[in-house]
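Chemist: Below is the structure I would like to discuss, written out as structure tokens.
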Amino acid sequence: MRAPKVLEQYEHAVRLLTGVGFATAEVMAVITALENLVLGSALDLAAPEAMWELPDESATPRLARALEAVGPGRADAAFELALEAFIGHCRALLAAGRSAAAPSHAP
């Protein structure tokens, strides 16, 4: 990454993340993980709806049932699941960082 506008956007993201309490050492992992989530989801949306072709369902009966149960919107549902997990993990990182930085009131 060298484009000044792109670097400015990353600078802004780092400022926002550190501003809400992420440790500097965690920031690039958070940014990269979000990029991976978004890029992977974009690839999934561009993939054929039927990515799995089962010539003989008897060889993979559980997979066949799982595929039948999905219905439309598989990619959207997967993105929502991953995004919720990502946000939950980021919240846990923040909570752990804040509790570690908070002074102890234990006797």
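Numbering starts fresh at 1 for the residues of each chain in the structure tokens, the chains themselves are lettered A, B, ... in the order given, and ligands are numbered from 1 as they appear.
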Would you list the contacts of Phe86 in chain A as a list in words, taking every protein, DNA or RNA residue within 12 Å and counting only C-alpha atoms, but skipping same-chain residues closer than 6 positions in sequence?
Modeler: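 In the requested format, the answer is Ala29, Val30, Ile31, Thr32, Ala33, Leu34, Glu35, Asn36, Leu37, Val38, Phe79, Glu80, Ala92 and Leu93 of chain A.
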Chemist: Name the residues in contact with range 16-25 of chain A at a cut-off of 10 Å, using only C-alpha atoms, excluding same-chain residues fewer than 5 positions from it; report them as a list in words.
Modeler: Tyr10, Glu11, Val30, Ile31, Cys90, Arg91, Leu93, Leu94, Ala95, Ala96, Gly97 and Arg98 of chain A
Chemist: Could the residues in this selection be saved with N, CA, C and O atoms as a PDB file, in the first residue's frame?
Modeler:
```pdb
ATOM      1  N   TYR A  10      -6.247   4.227   6.266  1.00  0.00           N
ATOM      2  CA  TYR A  10      -5.731   3.329   7.297  1.00  0.00           C
ATOM      3  C   TYR A  10      -5.345   4.118   8.551  1.00  0.00           C
ATOM      4  O   TYR A  10      -5.589   3.672   9.669  1.00  0.00           O
ATOM      5  N   GLU A  11      -4.747   5.274   8.362  1.00  0.00           N
ATOM      6  CA  GLU A  11      -4.403   6.131   9.503  1.00  0.00           C
ATOM      7  C   GLU A  11      -5.666   6.478  10.294  1.00  0.00           C
ATOM      8  O   GLU A  11      -5.682   6.439  11.527  1.00  0.00           O
ATOM      9  N   VAL A  30      -6.906  -6.460  13.931  1.00  0.00           N
ATOM     10  CA  VAL A  30      -8.333  -6.146  13.804  1.00  0.00           C
ATOM     11  C   VAL A  30      -8.643  -5.678  12.384  1.00  0.00           C
ATOM     12  O   VAL A  30      -9.605  -6.149  11.759  1.00  0.00           O
ATOM     13  N   ILE A  31      -7.840  -4.778  11.863  1.00  0.00           N
ATOM     14  CA  ILE A  31      -8.059  -4.275  10.503  1.00  0.00           C
ATOM     15  C   ILE A  31      -7.930  -5.398   9.477  1.00  0.00           C
ATOM     16  O   ILE A  31      -8.782  -5.563   8.601  1.00  0.00           O
ATOM     17  N   CYS A  90     -14.039  -8.610  19.046  1.00  0.00           N
ATOM     18  CA  CYS A  90     -13.468  -7.273  19.242  1.00  0.00           C
ATOM     19  C   CYS A  90     -13.948  -6.670  20.563  1.00  0.00           C
ATOM     20  O   CYS A  90     -13.160  -6.045  21.286  1.00  0.00           O
ATOM     21  N   ARG A  91     -15.199  -6.873  20.890  1.00  0.00           N
ATOM     22  CA  ARG A  91     -15.708  -6.375  22.175  1.00  0.00           C
ATOM     23  C   ARG A  91     -14.996  -7.055  23.334  1.00  0.00           C
ATOM     24  O   ARG A  91     -14.679  -6.419  24.342  1.00  0.00           O
ATOM     25  N   LEU A  93     -11.935  -8.266  23.272  1.00  0.00           N
ATOM     26  CA  LEU A  93     -10.585  -7.691  23.336  1.00  0.00           C
ATOM     27  C   LEU A  93     -10.601  -6.362  24.076  1.00  0.00           C
ATOM     28  O   LEU A  93      -9.735  -6.098  24.920  1.00  0.00           O
ATOM     29  N   LEU A  94     -11.584  -5.531  23.756  1.00  0.00           N
ATOM     30  CA  LEU A  94     -11.686  -4.235  24.430  1.00  0.00           C
ATOM     31  C   LEU A  94     -11.941  -4.403  25.916  1.00  0.00           C
ATOM     32  O   LEU A  94     -11.329  -3.732  26.739  1.00  0.00           O
ATOM     33  N   ALA A  95     -12.852  -5.301  26.262  1.00  0.00           N
ATOM     34  CA  ALA A  95     -13.173  -5.525  27.674  1.00  0.00           C
ATOM     35  C   ALA A  95     -11.946  -6.039  28.430  1.00  0.00           C
ATOM     36  O   ALA A  95     -11.674  -5.608  29.542  1.00  0.00           O
ATOM     37  N   ALA A  96     -11.213  -6.953  27.813  1.00  0.00           N
ATOM     38  CA  ALA A  96     -10.020  -7.495  28.472  1.00  0.00           C
ATOM     39  C   ALA A  96      -8.956  -6.421  28.622  1.00  0.00           C
ATOM     40  O   ALA A  96      -8.302  -6.336  29.655  1.00  0.00           O
ATOM     41  N   GLY A  97      -8.804  -5.571  27.634  1.00  0.00           N
ATOM     42  CA  GLY A  97      -7.817  -4.499  27.707  1.00  0.00           C
ATOM     43  C   GLY A  97      -8.174  -3.474  28.756  1.00  0.00           C
ATOM     44  O   GLY A  97      -7.316  -2.999  29.487  1.00  0.00           O
ATOM     45  N   ARG A  98      -9.449  -3.146  28.840  1.00  0.00           N
ATOM     46  CA  ARG A  98      -9.883  -2.161  29.825  1.00  0.00           C
ATOM     47  C   ARG A  98      -9.771  -2.714  31.236  1.00  0.00           C
ATOM     48  O   ARG A  98      -9.387  -2.028  32.153  1.00  0.00           O
TER      49      ARG A  98
END
```
